[in-house]
>>> print(open('query_18.txt').read())   # compact mmCIF, C-alpha atoms
# COMPACT_ATOMS: atom_id res chain seq x y z
CA MET A 1 112.56 75.41 130.23
CA LEU A 2 115.22 75.88 127.54
CA ASP A 3 116.62 72.37 128.04
CA GLU A 4 113.12 70.92 127.78
CA PHE A 5 112.51 72.92 124.61
CA ILE A 6 115.73 71.70 122.99
CA LEU A 7 114.90 68.07 123.84
CA LEU A 8 111.44 68.54 122.37
CA LEU A 9 112.90 69.93 119.14
CA GLU A 10 115.20 66.94 118.85
CA SER A 11 112.48 64.40 119.66
CA GLU A 12 110.78 64.52 116.25
CA LYS A 13 113.50 66.13 114.19
CA GLU A 14 113.61 63.33 111.61
CA LYS A 15 109.83 63.37 111.06
CA VAL A 16 109.89 67.15 110.64
CA LYS A 17 112.73 66.78 108.14
CA GLU A 18 110.57 64.53 105.97
CA VAL A 19 107.85 67.18 105.86
CA LEU A 20 110.08 70.21 105.36
CA LYS A 21 112.67 68.87 102.94
CA PRO A 22 110.56 69.40 99.78
CA HIS A 23 109.80 72.97 100.89
CA LEU A 24 113.25 74.24 101.92
CA HIS A 25 116.38 75.24 100.10
CA GLU A 26 119.28 72.95 100.93
CA LYS A 27 121.17 75.77 102.67
CA ILE A 28 118.30 76.25 105.12
CA PHE A 29 117.61 72.55 105.51
CA LYS A 30 121.17 71.92 106.71
CA ARG A 31 120.57 74.46 109.49
CA LEU A 32 117.41 72.81 110.81
CA LEU A 33 117.45 72.52 114.61
CA GLY A 34 114.41 70.28 114.87
CA GLY A 35 110.72 70.37 115.56
CA PHE A 36 107.71 68.57 116.96
CA PHE A 37 104.10 67.67 116.09
CA ASP A 38 100.85 67.94 117.99
CA GLU A 39 98.96 64.79 119.03
CA THR A 40 97.14 64.60 115.67
CA GLN A 41 100.43 64.68 113.74
CA LYS A 42 98.79 67.23 111.44
CA ARG A 43 100.41 70.31 112.96
CA PHE A 44 104.04 71.02 113.66
CA VAL A 45 106.48 73.68 114.80
CA ALA A 46 110.14 73.72 113.70
CA PHE A 47 113.16 76.02 113.88
CA ALA A 48 116.31 76.60 111.87
CA PHE A 49 119.28 78.78 112.82
CA MET A 50 121.68 80.58 110.47
CA PRO A 51 124.70 82.77 111.22
CA ILE A 52 124.55 85.98 109.20
CA LYS A 53 127.48 87.03 107.01
CA LYS A 54 128.11 90.54 105.69
CA SER A 55 127.58 91.24 101.98
CA MET A 56 125.16 88.32 101.73
CA PHE A 57 121.86 90.22 101.66
CA TYR A 58 120.91 89.12 98.14
CA GLU A 59 121.34 85.47 99.04
CA TYR A 60 119.17 85.88 102.14
CA ASP A 61 116.65 87.86 100.08
CA TYR A 62 116.50 84.97 97.62
CA LEU A 63 116.10 82.39 100.37
CA PHE A 64 113.55 84.26 102.50
CA GLU A 65 111.98 86.90 100.21
CA LEU A 66 112.92 89.64 102.65
CA SER A 67 112.00 92.37 100.17
CA ASN A 68 108.40 91.12 100.00
CA SER A 69 107.69 90.13 103.59
CA GLY A 70 108.17 91.47 107.06
CA HIS A 71 110.34 90.03 109.79
CA SER A 72 110.95 90.58 113.46
CA ALA A 73 114.25 91.69 114.97
CA VAL A 74 115.35 90.79 118.48
CA CYS A 75 118.05 93.08 119.82
CA PHE A 76 119.59 92.08 123.13
CA LEU A 77 122.28 94.78 123.33
CA PRO A 78 121.09 98.29 124.34
CA GLU A 79 123.43 100.01 121.92
CA THR A 80 122.10 98.06 118.94
CA THR A 81 119.00 100.22 118.56
CA GLU A 82 121.18 103.29 118.08
CA LYS A 83 123.15 101.50 115.36
CA THR A 84 119.99 100.87 113.37
CA ARG A 85 119.20 104.59 113.06
CA LYS A 86 120.13 107.00 110.26
CA TYR A 87 119.99 110.60 111.48
CA ILE A 88 118.68 113.31 109.17
CA ASP A 89 119.42 115.92 111.85
CA GLN A 90 119.86 115.85 115.64
CA ASN A 91 116.17 115.17 116.30
CA THR A 92 115.05 113.30 113.19
CA PHE A 93 116.02 109.83 112.05
CA THR A 94 114.90 106.89 109.94
CA TYR A 95 115.71 103.22 110.46
CA LYS A 96 118.19 101.37 108.30
CA SER A 97 116.85 98.77 105.90
CA THR A 98 117.34 95.04 106.34
CA GLU A 99 119.96 95.16 103.61
CA GLU A 100 121.91 97.90 105.42
CA ARG A 101 121.73 96.09 108.74
CA ILE A 102 123.12 92.92 107.18
CA GLU A 103 125.82 94.71 105.18
CA GLU A 104 126.97 96.64 108.27
CA GLY A 105 127.06 93.54 110.44
CA ILE A 106 124.33 94.70 112.83
CA TYR A 107 122.45 91.45 112.30
CA LYS A 108 124.57 88.49 113.33
CA SER A 109 122.13 85.58 113.27
CA LEU A 110 118.73 84.49 112.04
CA LEU A 111 116.23 82.16 113.70
CA ILE A 112 113.58 80.87 111.30
CA ALA A 113 110.34 79.48 112.71
CA TYR A 114 108.20 77.15 110.61
CA THR A 115 104.61 76.48 111.63
CA GLY A 116 102.64 73.99 109.55
CA GLU A 117 99.29 72.30 109.22
CA PHE A 118 98.14 69.52 106.91
CA ASP A 119 94.99 70.61 105.09
CA PHE A 120 93.67 70.57 101.50
CA ASP A 121 95.74 67.37 101.12
CA GLU A 122 99.04 69.17 101.57
CA TRP A 123 101.22 70.88 104.15
CA ASN A 124 100.54 74.59 104.58
CA ILE A 125 103.66 76.15 106.07
CA LEU A 126 104.05 79.62 107.56
CA ARG A 127 107.56 81.05 107.95
CA ASP A 128 108.75 83.74 110.35
CA CYS A 129 112.25 85.24 110.16
CA CYS A 130 113.69 86.60 113.38
CA PHE A 131 116.99 88.50 113.07
CA SER A 132 119.20 89.17 116.06
CA ASP A 133 122.32 91.13 116.95
CA ASN A 134 123.39 88.08 118.95
CA LYS A 135 125.16 84.93 117.77
CA ASP A 136 123.95 82.85 120.71
CA LYS A 137 121.52 80.25 119.32
CA ASN A 138 120.25 79.20 122.75
CA LYS A 139 119.50 82.78 123.70
CA LEU A 140 117.28 83.10 120.66
CA LEU A 141 115.54 79.80 121.38
CA LYS A 142 114.98 80.84 124.97
CA SER A 143 113.15 83.95 123.78
CA LYS A 144 110.59 81.67 122.14
CA VAL A 145 109.62 79.96 125.40
CA ASP A 146 110.03 82.80 127.89
CA ARG A 147 106.27 83.25 128.13
CA VAL A 148 105.35 79.57 128.44
CA LYS A 149 102.97 79.10 131.39
CA ASN A 150 102.00 75.45 131.12
CA SER A 151 103.35 72.97 128.59
CA ILE A 152 105.51 74.01 125.65
CA LYS A 153 103.27 72.20 123.19
CA ASP A 154 100.18 73.99 124.52
CA HIS A 155 102.04 77.28 124.16
CA PHE A 156 102.56 76.69 120.44
CA PHE A 157 99.55 74.63 119.39
CA LYS A 158 96.96 76.66 121.29
CA SER A 159 98.20 79.82 119.60
CA SER A 160 95.59 81.99 117.85
CA ILE A 161 97.19 81.07 114.53
CA PHE A 162 95.49 77.68 114.82
CA LEU A 163 92.04 79.13 115.55
CA GLU A 164 89.33 78.49 112.98
CA THR A 165 89.32 81.41 110.51
CA ALA A 166 85.85 82.76 111.26
CA GLU A 167 86.42 82.45 115.03
CA HIS A 168 89.77 84.22 114.70
CA TYR A 169 88.20 87.06 112.71
CA VAL A 170 85.26 87.43 115.11
CA GLN A 171 87.73 87.75 118.00
CA LEU A 172 89.52 90.53 116.14
CA MET A 173 86.23 92.28 115.40
CA ASN A 174 85.12 92.02 119.02
CA HIS A 175 88.03 94.28 119.93
CA ALA A 176 86.90 96.74 117.25
CA ARG A 177 83.30 96.52 118.46
CA ALA A 178 84.45 97.36 121.96
CA ARG A 179 85.43 100.76 120.51
CA ASN A 180 82.59 100.96 118.00
CA GLU A 181 79.61 98.72 118.67
CA ASN A 182 78.25 99.43 115.18
CA ALA A 183 81.28 97.88 113.49
CA PRO A 184 79.98 95.10 111.19
CA VAL A 185 81.03 91.52 111.79
CA THR A 186 81.23 90.11 108.28
CA ILE A 187 83.88 87.68 107.08
CA PRO A 188 86.18 89.39 104.56
CA VAL A 189 85.88 88.23 100.96
CA GLU A 190 89.36 86.71 100.87
CA LEU A 191 88.70 84.60 103.99
CA ARG A 192 85.31 83.18 102.98
CA PRO A 193 86.74 80.12 101.16
CA PHE A 194 88.59 79.18 104.37
CA VAL A 195 85.79 79.26 106.92
CA GLY A 196 86.11 75.94 108.74
CA HIS A 197 89.89 75.93 108.33
CA SER A 198 92.53 77.46 110.58
CA GLU A 199 93.88 81.00 110.39
CA LEU A 200 97.28 79.55 109.49
CA VAL A 201 95.84 77.75 106.48
CA SER A 202 93.96 80.84 105.35
CA LEU A 203 97.10 83.00 105.62
CA VAL A 204 99.27 80.61 103.64
CA ARG A 205 96.73 79.92 100.93
CA THR A 206 95.55 83.51 100.45
CA GLU A 207 99.18 84.62 100.14
CA ASN A 208 99.84 81.95 97.51
CA LYS A 209 96.62 82.87 95.73
CA SER A 210 97.64 86.53 95.69
CA LYS A 211 101.00 85.78 94.07
CA ILE A 212 99.39 83.63 91.37
CA ASN A 213 96.59 86.12 90.67
CA LEU A 214 99.01 89.05 90.40
CA SER A 215 101.14 87.10 87.93
CA PHE A 216 98.02 86.11 85.99
CA GLN A 217 96.78 89.72 85.89
CA ASP A 218 100.18 90.94 84.76
CA TYR A 219 100.11 88.45 81.89
CA ILE A 220 96.57 89.40 80.85
CA LYS A 221 97.43 93.11 80.96
CA LYS A 222 100.44 92.64 78.72
CA ALA A 223 99.01 90.03 76.35
CA VAL A 224 95.36 91.08 76.11
CA TYR A 225 94.35 94.32 77.82
CA THR A 226 97.05 96.68 76.52
CA PRO A 227 96.76 95.51 72.87
CA LEU A 228 92.95 95.81 73.18
CA ILE A 229 93.09 99.40 74.43
CA ILE A 230 95.58 100.40 71.73
CA ARG A 231 93.31 98.96 69.04
CA LEU A 232 90.18 100.58 70.48
CA LYS A 233 91.88 103.97 70.63
CA THR A 234 93.23 103.48 67.11
CA HIS A 235 89.93 102.44 65.52
CA TYR A 236 87.60 104.59 67.64
CA PRO A 237 89.63 107.61 68.83
CA THR A 238 86.61 109.79 69.69
CA LYS A 239 85.01 107.08 71.82
CA TYR A 240 88.16 106.16 73.74
CA GLN A 241 89.78 109.36 74.96
CA THR A 242 90.73 107.96 78.38
CA VAL A 243 90.47 104.51 79.89
CA TRP A 244 90.79 103.77 83.60
CA GLY A 245 89.83 101.35 86.33
CA PHE A 246 88.63 101.67 89.90
CA TYR A 247 90.96 102.43 92.83
CA GLY A 248 93.77 103.73 90.62
CA GLN A 249 94.14 100.56 88.56
CA ASP A 250 94.35 100.33 84.75
CA CYS A 251 91.39 97.98 84.77
CA ASN A 252 89.74 95.59 87.20
CA PHE A 253 89.40 91.82 86.95
CA LEU A 254 86.90 89.18 87.97
CA ILE A 255 88.87 85.93 88.02
CA PRO A 256 87.67 82.43 88.99
CA SER A 257 90.10 80.17 90.84
CA HIS A 258 90.71 77.97 87.80
CA ARG A 259 91.78 81.05 85.76
CA GLN A 260 90.54 79.60 82.47
CA PHE A 261 88.94 82.94 81.68
CA CYS A 262 88.63 86.40 83.20
CA LEU A 263 86.36 89.41 82.94
CA MET A 264 88.06 92.78 82.44
CA ILE A 265 86.15 95.85 83.64
CA PHE A 266 87.14 99.45 82.92
CA VAL A 267 85.68 102.94 82.50
CA VAL A 268 85.86 104.81 79.20
CA THR A 269 85.58 108.57 78.68
CA ASP A 270 84.79 109.84 75.17
CA ASN A 271 85.58 113.19 73.54
CA ARG A 272 82.40 114.67 75.02
CA LYS A 273 83.49 113.70 78.54
CA LYS A 274 80.75 111.09 78.75
CA THR A 275 81.77 108.02 80.77
CA SER A 276 80.63 104.42 80.49
CA LEU A 277 81.51 101.01 81.87
CA GLN A 278 82.83 98.39 79.50
CA PHE A 279 83.29 94.66 79.95
CA TYR A 280 85.54 92.29 78.01
CA LEU A 281 86.04 88.58 78.59
CA TYR A 282 89.17 86.72 77.59
CA ASN A 283 88.84 82.95 77.29
CA LEU A 284 92.28 81.34 77.61
CA LYS A 285 91.10 77.92 76.44
CA GLU A 286 89.74 79.36 73.21
CA ASP A 287 92.33 82.14 73.03
CA LYS A 288 89.49 84.50 72.12
CA LEU A 289 88.42 87.92 73.30
CA TYR A 290 84.76 88.84 73.70
CA ASN A 291 82.73 91.92 74.50
CA TRP A 292 80.38 90.98 77.34
CA THR A 293 77.05 92.61 76.44
CA TYR A 294 74.65 91.53 79.18
CA PHE A 295 74.28 95.05 80.58
CA ILE A 296 73.56 96.47 77.16
CA LEU A 297 70.32 94.48 77.49
CA ASN A 298 69.87 95.96 80.95
CA PRO A 299 70.96 99.62 80.62
CA TYR A 300 71.84 101.92 83.51
CA ASP A 301 72.34 105.68 83.48
CA GLU A 302 74.46 106.27 86.56
CA LYS A 303 77.90 107.79 86.33
CA PRO A 304 80.47 105.08 87.23
CA SER A 305 81.23 105.19 90.94
CA TYR A 306 83.08 102.94 93.37
CA ASP A 307 79.93 101.13 94.46
CA LEU A 308 78.27 100.89 91.05
CA ILE A 309 79.81 97.51 90.26
CA VAL A 310 78.35 95.97 93.40
CA LYS A 311 75.01 97.63 92.73
CA ILE A 312 74.61 96.32 89.19
CA PHE A 313 76.16 92.91 89.77
CA SER A 314 74.35 91.97 92.98
CA PRO A 315 70.99 91.11 91.30
CA ILE A 316 72.68 88.51 89.08
CA SER A 317 75.59 87.28 91.19
CA GLN A 318 77.15 86.85 94.62
CA LEU A 319 79.33 89.92 94.12
CA ASP A 320 78.67 91.98 97.23
CA ASP A 321 82.07 93.58 97.77
CA MET A 322 84.52 95.51 95.57
CA LYS A 323 87.33 93.39 96.99
CA TYR A 324 86.47 90.77 94.39
CA LEU A 325 87.79 93.24 91.81
CA ILE A 326 90.66 94.92 93.66
CA GLU A 327 91.99 92.32 96.11
CA ALA A 328 94.44 89.84 94.54
CA ARG A 329 93.76 87.36 97.36
CA SER A 330 90.17 86.93 96.13
CA ASN A 331 88.71 84.87 93.30
CA PHE A 332 85.14 85.01 92.05
CA ASP A 333 83.83 81.44 91.96
CA ASP A 334 80.15 82.07 91.30
CA ASP A 335 79.25 79.29 88.84
CA ASP A 336 75.65 80.45 88.43
CA PHE A 337 76.84 83.89 87.33
CA TRP A 338 79.43 82.56 84.88
CA ASN A 339 77.15 79.88 83.42
CA ASN A 340 73.88 81.82 83.15
CA PHE A 341 74.89 85.44 82.68
CA VAL A 342 78.18 85.20 80.83
CA PHE A 343 78.47 81.90 78.92
CA LYS A 344 74.76 81.20 78.41
CA LYS A 345 73.96 79.95 74.92
CA SER A 346 70.96 79.87 72.61
CA SER A 347 71.14 77.55 69.59
CA SER A 348 74.85 76.96 70.27
CA GLU A 349 75.60 80.70 70.15
CA TYR A 350 76.61 82.85 73.10
CA MET A 351 73.79 85.17 74.14
CA TYR A 352 75.90 87.80 75.89
CA LEU A 353 79.35 87.42 74.32
CA THR A 354 80.38 88.99 71.03
CA GLU A 355 83.79 88.01 69.71
CA ILE A 356 86.15 90.91 69.06
CA LYS A 357 87.81 90.92 65.65
CA PHE A 358 89.83 93.84 64.36
CA ILE A 359 90.29 94.21 60.62
>>> encode(input="query_18.txt", output="structure tokens")
Amino acid sequence: MLDEFILLLESEKEKVKEVLKPHLHEKIFKRLLGGFFDETQKRFVAFAFMPIKKSMFYEYDYLFELSNSGHSAVCFLPETTEKTRKYIDQNTFTYKSTEERIEEGIYKSLLIAYTGEFDFDEWNILRDCCFSDNKDKNKLLKSKVDRVKNSIKDHFFKSSIFLETAEHYVQLMNHARARNENAPVTIPVELRPFVGHSELVSLVRTENKSKINLSFQDYIKKAVYTPLIIRLKTHYPTKYQTVWGFYGQDCNFLIPSHRQFCLMIFVVTDNRKKTSLQFYLYNLKEDKLYNWTYFILNPYDEKPSYDLIVKIFSPISQLDDMKYLIEARSNFDDDDFWNNFVFKKSSSEYMYLTEIKFI
């Protein structure tokens, strides 16, 4: 089986190179073993192999983002597990970090698997790093086909990672429903844009979306939110005693995928301990900050709670889950809401937006 696997990797190595080259650092690309496509030529599997050198953790961290993602470790020697432990006392231990295992020479090689699918007019590529205490490349490759029952291609391309997203999620929920038949089967907010696409595509694109949204939020917090709060507390100290967001955040965001504007939502407590929700919209194209006043026209008396946002937004929007505000993998692309309840105009003037100007 190993010989067949190696021949298969070599069979379409050049085609895989063409796909992967724009995505890989040269140091990884030179270590590419090969790969192969499915019959549609829109899915592929590829592998690269790298010997691990001591005192090189920061280079590997740069190449593979080890600090921000998980990896699997394959240990073939029985004594290796003991070497990965740090004992606090005779009966208590923790495991050494990836950095420690590399610096101490416990990890000796790295097999990188690349699984890709062409969708949204581009290649979506998932990477998996598998460290080993063994330098034998073939031994690592063999571990990838040990469980093959029929053909090698079927083993890889009929993997659950290629299941349609909704089907994949329903399968997961069926296991949960076996334990709790009342468990709801609803597609998570972050996966809804990828219904009809594979689980692989949804994983890659939601991860990319999360990174971009977190960077965007960080910018807005530094450039807009923090200066706003300082000015509000300066000009209206009795009204702005404390300011906070839901789920331990400074504030919460509703952000469309195009990120041309965003709605900031936070809770304010005044000097009488009275709390209220406040909404501010920053328009990047205009470089202007507005107070969103729609709910001033539709008042509510409830004390802000974790489900209040959903409760007050649901009559005017598709917001049915707090994940839209707290999950970086989610964007709020409800055009009807943005056009008719935020940016609606009357006689060329915004109906629900009041520009913020501090003297």
>>> residues_around(input="query_18.txt", residues="A:Val268", least_positions_apart="3", cutoff="8 Å", atoms="only C-alpha atoms", output="ChimeraX atom specification")
/A:239-244,275-278
>>> atom_distance(input="query_18.txt", atom1="atom CA of A:Thr234", atom2="atom CA of A:Cys251")
18.6 Å
>>> atom_distance(input="query_18.txt", atom1="atom CA of A:Val204", atom2="atom CA of A:Ile125")
6.7 Å
>>> residues_around(input="query_18.txt", residues="stretch 211-223 of chain A", least_positions_apart="4", cutoff="12 Å", atoms="all atoms listed in the file", output="ChimeraX atom specification")
/A:68,204-207,227-230,249-265,280-284,287-289,324-332
>>> residues_around(input="query_18.txt", residues="A:Ser72", least_positions_apart="6", cutoff="8 Å", atoms="all atoms listed in the file", output="list in words")
Asp128, Cys129, Cys130 and Phe131 of chain A
>>> residues_around(input="query_18.txt", residues="stretch 115-124 of chain A", least_positions_apart="2", cutoff="9 Å", atoms="only C-alpha atoms", output="CSV table (one decimal) with C-alpha atoms, keeping the file's coordinate frame")
chain,number,residue,atom,x,y,z
A,19,VAL,CA,107.8,67.2,105.9
A,20,LEU,CA,110.1,70.2,105.4
A,41,GLN,CA,100.4,64.7,113.7
A,42,LYS,CA,98.8,67.2,111.4
A,43,ARG,CA,100.4,70.3,113.0
A,44,PHE,CA,104.0,71.0,113.7
A,45,VAL,CA,106.5,73.7,114.8
A,46,ALA,CA,110.1,73.7,113.7
A,47,PHE,CA,113.2,76.0,113.9
A,113,ALA,CA,110.3,79.5,112.7
A,126,LEU,CA,104.0,79.6,107.6
A,127,ARG,CA,107.6,81.0,108.0
A,128,ASP,CA,108.8,83.7,110.4
A,162,PHE,CA,95.5,77.7,114.8
A,197,HIS,CA,89.9,75.9,108.3
A,198,SER,CA,92.5,77.5,110.6
A,200,LEU,CA,97.3,79.6,109.5
A,201,VAL,CA,95.8,77.8,106.5
A,204,VAL,CA,99.3,80.6,103.6
A,205,ARG,CA,96.7,79.9,100.9
>>> axis_aligned_box(input="query_18.txt", around="stretch 271-281 of chain A", padding_each_side="6 Å", output="JSON")
{"center_x": 83.3, "center_y": 101.6, "center_z": 77.7, "size_x": 17.4, "size_y": 38.1, "size_z": 20.3}
>>> closest_atom_pairs(input="query_18.txt", of="stretch 139-174 of chain A", to="stretch 105-111 of chain A", cutoff="12 Å", atoms="only C-alpha atoms", output="tab-separated table")
residue	atom	partner	partner_atom	distance
A:Lys139	CA	A:Leu111	CA	10.5
A:Leu140	CA	A:Leu111	CA	7.1
A:Leu141	CA	A:Leu111	CA	8.1
A:Lys142	CA	A:Leu111	CA	11.4
A:Ser143	CA	A:Leu111	CA	10.7
A:Lys144	CA	A:Leu111	CA	10.2
>>> atom_distance(input="query_18.txt", atom1="atom CA of A:Lys233", atom2="atom CA of A:Phe358")
12.1 Å
>>> closest_residue(input="query_18.txt", among="A:Leu2, A:Val267, A:Val195, A:Val342", to="A:Tyr306", atoms="all atoms listed in the file")
A:Val267
>>> closest_residue(input="query_18.txt", among="A:Leu66, A:Leu32, A:Leu319, A:Met1", to="A:Val16", atoms="only C-alpha atoms")
A:Leu32
>>> residues_near_point(input="query_18.txt", point="(85.6, 91.1, 69.3)", cutoff="7 Å", atoms="all atoms listed in the file", output="ChimeraX atom specification")
/A:289-291,354-357
>>> build_atoms(input="query_18.txt", residues="stretch 312-334 of chain A", atoms="N, CA and C atoms", output="tab-separated table (two decimals), keeping the file's coordinate frame")
chain	number	residue	atom	x	y	z
A	312	ILE	N	75.17	96.92	90.40
A	312	ILE	CA	74.61	96.32	89.19
A	312	ILE	C	74.85	94.82	89.10
A	313	PHE	N	75.87	94.34	89.81
A	313	PHE	CA	76.16	92.91	89.77
A	313	PHE	C	75.34	92.11	90.79
A	314	SER	N	74.99	92.72	91.90
A	314	SER	CA	74.35	91.97	92.98
A	314	SER	C	73.04	91.28	92.58
A	315	PRO	N	72.22	91.84	91.68
A	315	PRO	CA	70.99	91.11	91.30
A	315	PRO	C	71.26	89.82	90.53
A	316	ILE	N	72.43	89.69	89.92
A	316	ILE	CA	72.68	88.51	89.08
A	316	ILE	C	73.83	87.65	89.59
A	317	SER	N	74.42	88.03	90.73
A	317	SER	CA	75.59	87.28	91.19
A	317	SER	C	75.75	87.40	92.70
A	318	GLN	N	76.81	86.77	93.21
A	318	GLN	CA	77.15	86.85	94.62
A	318	GLN	C	78.13	87.97	94.91
A	319	LEU	N	78.38	88.83	93.94
A	319	LEU	CA	79.33	89.92	94.12
A	319	LEU	C	78.73	90.99	95.02
A	320	ASP	N	79.19	91.03	96.25
A	320	ASP	CA	78.67	91.98	97.23
A	320	ASP	C	79.75	92.87	97.82
A	321	ASP	N	80.95	92.82	97.21
A	321	ASP	CA	82.07	93.58	97.77
A	321	ASP	C	83.05	93.88	96.64
A	322	MET	N	83.56	95.12	96.61
A	322	MET	CA	84.52	95.51	95.57
A	322	MET	C	85.84	94.77	95.69
A	323	LYS	N	86.07	94.13	96.83
A	323	LYS	CA	87.33	93.39	96.99
A	323	LYS	C	87.49	92.29	95.95
A	324	TYR	N	86.37	91.79	95.44
A	324	TYR	CA	86.47	90.77	94.39
A	324	TYR	C	87.21	91.31	93.17
A	325	LEU	N	87.15	92.63	92.97
A	325	LEU	CA	87.79	93.24	91.81
A	325	LEU	C	89.16	93.83	92.12
A	326	ILE	N	89.42	94.18	93.37
A	326	ILE	CA	90.66	94.92	93.66
A	326	ILE	C	91.61	94.17	94.59
A	327	GLU	N	91.17	93.06	95.17
A	327	GLU	CA	91.99	92.32	96.11
A	327	GLU	C	92.51	91.05	95.44
A	328	ALA	N	93.84	90.98	95.26
A	328	ALA	CA	94.44	89.84	94.54
A	328	ALA	C	94.27	88.53	95.30
A	329	ARG	N	93.93	88.59	96.58
A	329	ARG	CA	93.76	87.36	97.36
A	329	ARG	C	92.37	86.75	97.16
A	330	SER	N	91.55	87.39	96.31
A	330	SER	CA	90.17	86.93	96.13
A	330	SER	C	89.94	86.44	94.71
A	331	ASN	N	89.18	85.36	94.60
A	331	ASN	CA	88.71	84.87	93.30
A	331	ASN	C	87.19	84.84	93.32
A	332	PHE	N	86.60	84.97	92.14
A	332	PHE	CA	85.14	85.01	92.05
A	332	PHE	C	84.64	83.69	91.47
A	333	ASP	N	84.23	82.79	92.35
A	333	ASP	CA	83.83	81.44	91.96
A	333	ASP	C	82.31	81.27	92.04
A	334	ASP	N	81.60	82.13	91.33
A	334	ASP	CA	80.15	82.07	91.30
A	334	ASP	C	79.72	81.38	90.00
